[in-house]
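**Q** Below are the structure tokens for one structure; questions will follow.
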Amino acid sequence: MKEQVNQKRIFAYIDSNNLNLGIQSLGWKLDFKKFRIYLKEKYNVSTAYLFIGYIPTNQNLYSSLQKSGFVLVFKPTIPSKDGEIKGNVDADLVLQVMIDYVKNNFDKIIIVASDGDYYSLAKYFYQCNKLLACMSPYAKTCSSLLKKSAKEKIIFMDNLRKKLAYNDRK
């Protein structure tokens, strides 16, 4: 199977906030550079879209993510009534997948999220045999709808801490 996967064009679509908060709920911090390498080596991901809310003061973070090999897709952010910054990227992620699908840019996709809002997307691409994997940080926080639509393609990241955790001890 590995050789067959290596010959295909694999794209990853990552809901960054969903991923980041999910990993933090496990008590560790994701090293995005390691994660990009993992996606390339394990799944042969050629293009990894990272959907992220845009905050002007985070320019160093964005530069680092781009240097690590992510294609950043920004969403304007707005503060909620309690001051929390919101940049809901769900529709943008789904739209990008569909644009790439119509243009026949990929053979298989990986969705990285835990949100039930991606249920229909995962279900459709599962039925089309184009869903390689649906990665979710943690089984307990993953939507039951997403688990249902991705079926055996769902992968939980809680066991990847040793490979993907950020280590700030240099």
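Naming works like this for the structure tokens: A, B, ... for the chains as they're shown, residue 1 at the start of each chain, ligands 1 onward in shown order.
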Leaving out Ile110 of chain A and any residue of its chain fewer than 5 positions from it, which residues lie within 9 Å of it when counting only C-alpha atoms, given as a PyMOL selection string?

**A** chain A and resi 10-14+43+45+130-135

**Q** Excluding Asn105 of chain A and residues on its chain fewer than 5 positions from it, collect all residues at most 9 Å away from it, counting only C-alpha atoms, and give them as a list in words.

**A**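 The neighbour list is Arg9, Phe11, Ile99 and Asp100 of chain A.
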
**Q** Just the selected residues (N, CA and C atoms), exported as a CSV table (one decimal), in the first residue's frame, please.

**A**
chain,number,residue,atom,x,y,z
A,9,ARG,N,-1.2,12.0,-5.6
A,9,ARG,CA,-1.1,13.4,-5.1
A,9,ARG,C,-2.0,13.5,-3.9
A,11,PHE,N,-3.2,15.7,-0.6
A,11,PHE,CA,-3.3,17.0,0.0
A,11,PHE,C,-3.9,16.9,1.4
A,99,ILE,N,-12.6,23.3,-4.5
A,99,ILE,CA,-11.9,24.0,-5.6
A,99,ILE,C,-10.9,23.0,-6.2
A,100,ASP,N,-10.1,22.4,-5.3
A,100,ASP,CA,-9.0,21.5,-5.7
A,100,ASP,C,-9.6,20.2,-6.3

**Q** Applying 12 Å and only C-alpha atoms, which residues near Tyr166 of chain A remain after dropping the ones on its own chain fewer than 5 positions away? List them as a short mmCIF file (atom, residue, chain, number, x, y, z; two decimals) with N, CA and C atoms, in the first residue's frame.

**A**
data_model
loop_
_atom_site.label_atom_id
_atom_site.label_comp_id
_atom_site.auth_asym_id
_atom_site.auth_seq_id
_atom_site.Cartn_x
_atom_site.Cartn_y
_atom_site.Cartn_z
N ASN A 20 -4.81 22.69 17.15
CA ASN A 20 -4.02 23.26 18.23
C ASN A 20 -4.73 23.10 19.58
N ILE A 23 -4.84 19.34 20.67
CA ILE A 23 -3.56 18.86 21.19
C ILE A 23 -3.28 19.46 22.57
N GLN A 24 -3.56 20.76 22.74
CA GLN A 24 -3.34 21.39 24.04
C GLN A 24 -4.21 20.75 25.13
N GLY A 27 -2.50 18.18 26.94
CA GLY A 27 -1.41 18.57 27.82
C GLY A 27 -0.06 18.74 27.15
N TRP A 28 -0.05 18.85 25.83
CA TRP A 28 1.21 19.08 25.15
C TRP A 28 1.01 20.06 24.00
N LYS A 29 2.12 20.52 23.44
CA LYS A 29 2.09 21.50 22.37
C LYS A 29 2.64 20.86 21.10
N LEU A 30 1.95 21.05 20.01
CA LEU A 30 2.35 20.48 18.72
C LEU A 30 3.50 21.26 18.10
N ASP A 31 4.49 20.56 17.64
CA ASP A 31 5.57 21.16 16.86
C ASP A 31 5.13 21.07 15.39
N PHE A 32 4.71 22.20 14.84
CA PHE A 32 4.16 22.19 13.49
C PHE A 32 5.19 21.77 12.44
N LYS A 33 6.45 22.09 12.66
CA LYS A 33 7.49 21.67 11.72
C LYS A 33 7.59 20.14 11.69
N LYS A 34 7.59 19.53 12.88
CA LYS A 34 7.61 18.06 12.95
C LYS A 34 6.35 17.47 12.32
N PHE A 35 5.23 18.14 12.54
CA PHE A 35 3.97 17.65 11.98
C PHE A 35 3.99 17.67 10.46
N LEU A 160 0.82 10.27 19.34
CA LEU A 160 1.93 10.82 18.55
C LEU A 160 2.76 11.84 19.32
N ARG A 161 2.54 11.94 20.61
CA ARG A 161 3.22 12.96 21.41
C ARG A 161 4.74 12.88 21.27
#

**Q** Quick one: residues within 8 Å of segment 112-115 of chain A, only C-alpha atoms counted, chain neighbours fewer than 2 positions away excluded, as JSON, numbers by chain?

**A** {"A": [12, 13, 14, 15, 18, 19, 22, 110, 117, 118, 119, 134, 135, 136, 137, 138, 141, 142, 143, 146]}

**Q** What's the separation between atom CA of Asn88 of chain A and atom CA of Leu164 of chain A, in Å to one decimal place?

**A**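 Going from atom CA of Asn88 of chain A over to atom CA of Leu164 of chain A, I get 24.8 Å.
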
**Q** What does the distance between atom CA of Lys163 of chain A and atom CA of Lys123 of chain A come to in Å, to one decimal place?

**A** 28.9 Å

**Q** Running DSSP on the backbone, which parts of segment 26-125 of chain A land in strand (DSSP E or B), as an mmCIF file with C-alpha atoms, in the first residue's frame?

**A**
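Result went into out-v9.cif, see below:
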data_model
loop_
_atom_site.group_PDB
_atom_site.id
_atom_site.type_symbol
_atom_site.label_atom_id
_atom_site.label_comp_id
_atom_site.auth_asym_id
_atom_site.auth_seq_id
_atom_site.Cartn_x
_atom_site.Cartn_y
_atom_site.Cartn_z
ATOM 1 C CA LEU A 30 2.347 20.476 18.724
ATOM 2 C CA VAL A 45 1.475 14.853 1.539
ATOM 3 C CA SER A 46 2.649 17.210 -1.180
ATOM 4 C CA THR A 47 0.432 20.166 -0.229
ATOM 5 C CA ALA A 48 -0.610 20.913 3.341
ATOM 6 C CA TYR A 49 -3.120 23.735 3.684
ATOM 7 C CA LEU A 50 -3.283 25.286 7.132
ATOM 8 C CA PHE A 51 -6.437 27.330 7.705
ATOM 9 C CA ILE A 52 -5.784 29.951 10.344
ATOM 10 C CA GLY A 53 -7.244 33.159 11.688
ATOM 11 C CA TYR A 54 -5.188 36.219 10.798
ATOM 12 C CA PHE A 70 2.470 24.850 5.015
ATOM 13 C CA VAL A 71 0.294 26.780 2.590
ATOM 14 C CA LEU A 72 -1.459 29.267 4.851
ATOM 15 C CA VAL A 73 -5.042 30.268 4.155
ATOM 16 C CA PHE A 74 -6.008 33.215 6.321
ATOM 17 C CA LYS A 75 -9.401 34.024 7.718
ATOM 18 C CA PRO A 76 -10.119 37.478 9.143
ATOM 19 C CA ILE A 78 -13.146 39.178 15.028
ATOM 20 C CA PRO A 79 -13.289 39.448 18.802
ATOM 21 C CA ILE A 85 -10.631 36.046 19.025
ATOM 22 C CA LYS A 86 -12.718 34.070 16.529
ATOM 23 C CA LYS A 108 -6.541 11.641 -1.971
ATOM 24 C CA ILE A 109 -7.076 14.008 0.937
ATOM 25 C CA ILE A 110 -6.394 14.105 4.637
ATOM 26 C CA ILE A 111 -8.667 16.216 6.819
ATOM 27 C CA VAL A 112 -7.179 17.301 10.151
#

**Q** Give me, as a PyMOL selection string, the residues of segment 3-103 of chain A that a backbone DSSP run labels helix (DSSP H, G or I).

**A** chain A and resi 3-6+16-24+32-43+56-67+90-102

**Q** Store the residues of this selection in a file with C-alpha atoms, as a compact mmCIF listing (two decimals), in the first residue's frame.

**A**
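Output saved as again-v8.txt:
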# COMPACT_ATOMS: atom_id res chain seq x y z
CA GLU A 3 4.14 2.35 -2.81
CA GLN A 4 0.66 3.00 -4.17
CA VAL A 5 0.15 5.96 -1.82
CA ASN A 6 3.54 7.41 -2.80
CA SER A 16 -5.33 24.91 12.76
CA ASN A 17 -7.37 26.09 15.72
CA ASN A 18 -9.18 22.77 15.99
CA LEU A 19 -5.85 20.93 15.86
CA ASN A 20 -4.02 23.26 18.23
CA LEU A 21 -6.74 23.34 20.90
CA GLY A 22 -7.24 19.58 20.65
CA ILE A 23 -3.56 18.86 21.19
CA GLN A 24 -3.34 21.39 24.04
CA PHE A 32 4.16 22.19 13.49
CA LYS A 33 7.49 21.67 11.72
CA LYS A 34 7.61 18.06 12.95
CA PHE A 35 3.97 17.65 11.98
CA ARG A 36 4.65 18.80 8.40
CA ILE A 37 7.56 16.36 8.13
CA TYR A 38 5.34 13.61 9.56
CA LEU A 39 2.63 14.30 6.95
CA LYS A 40 5.23 14.14 4.16
CA GLU A 41 7.01 11.01 5.39
CA LYS A 42 4.00 9.00 6.60
CA TYR A 43 1.41 9.98 3.98
CA PRO A 56 -1.29 41.00 12.49
CA THR A 57 0.93 40.52 15.57
CA ASN A 58 1.43 36.81 14.70
CA GLN A 59 3.57 37.47 11.61
CA ASN A 60 6.56 35.55 13.02
CA LEU A 61 4.35 32.51 13.57
CA TYR A 62 3.00 32.71 10.03
CA SER A 63 6.50 33.02 8.57
CA SER A 64 7.65 30.00 10.59
CA LEU A 65 4.67 27.92 9.43
CA GLN A 66 5.31 28.85 5.79
CA LYS A 67 9.00 28.03 6.16
CA ASP A 90 -14.72 25.65 8.37
CA ALA A 91 -16.32 27.07 5.23
CA ASP A 92 -12.95 28.19 3.84
CA LEU A 93 -11.49 24.71 4.30
CA VAL A 94 -14.47 23.03 2.63
CA LEU A 95 -14.39 25.54 -0.24
CA GLN A 96 -10.67 24.92 -0.85
CA VAL A 97 -11.18 21.16 -0.91
CA MET A 98 -13.95 21.56 -3.47
CA ILE A 99 -11.93 23.96 -5.63
CA ASP A 100 -9.03 21.49 -5.68
CA TYR A 101 -11.43 18.60 -6.36
CA VAL A 102 -13.05 20.35 -9.32

**Q** May I have the residues within 9 Å of Ser120 of chain A as a list in words, using only C-alpha atoms and disregarding those fewer than 5 positions away in the same chain?

**A**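 My reading of the contact set: Phe125, Leu145, Leu146 and Ser149 of chain A.
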
**Q** Do you have the atom CA of Tyr124 of chain A-atom CA of Gly69 of chain A distance handy?

**A** 27.4 Å

**Q** Here is a test: counting only C-alpha atoms, which residue of A:Asp107, A:Gly83, A:Thr77, A:Asp158 is nearest to Ile55 of chain A?

**A**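 Once distances to Ile55 of chain A are computed over only C-alpha atoms, the minimum belongs to A:Thr77.
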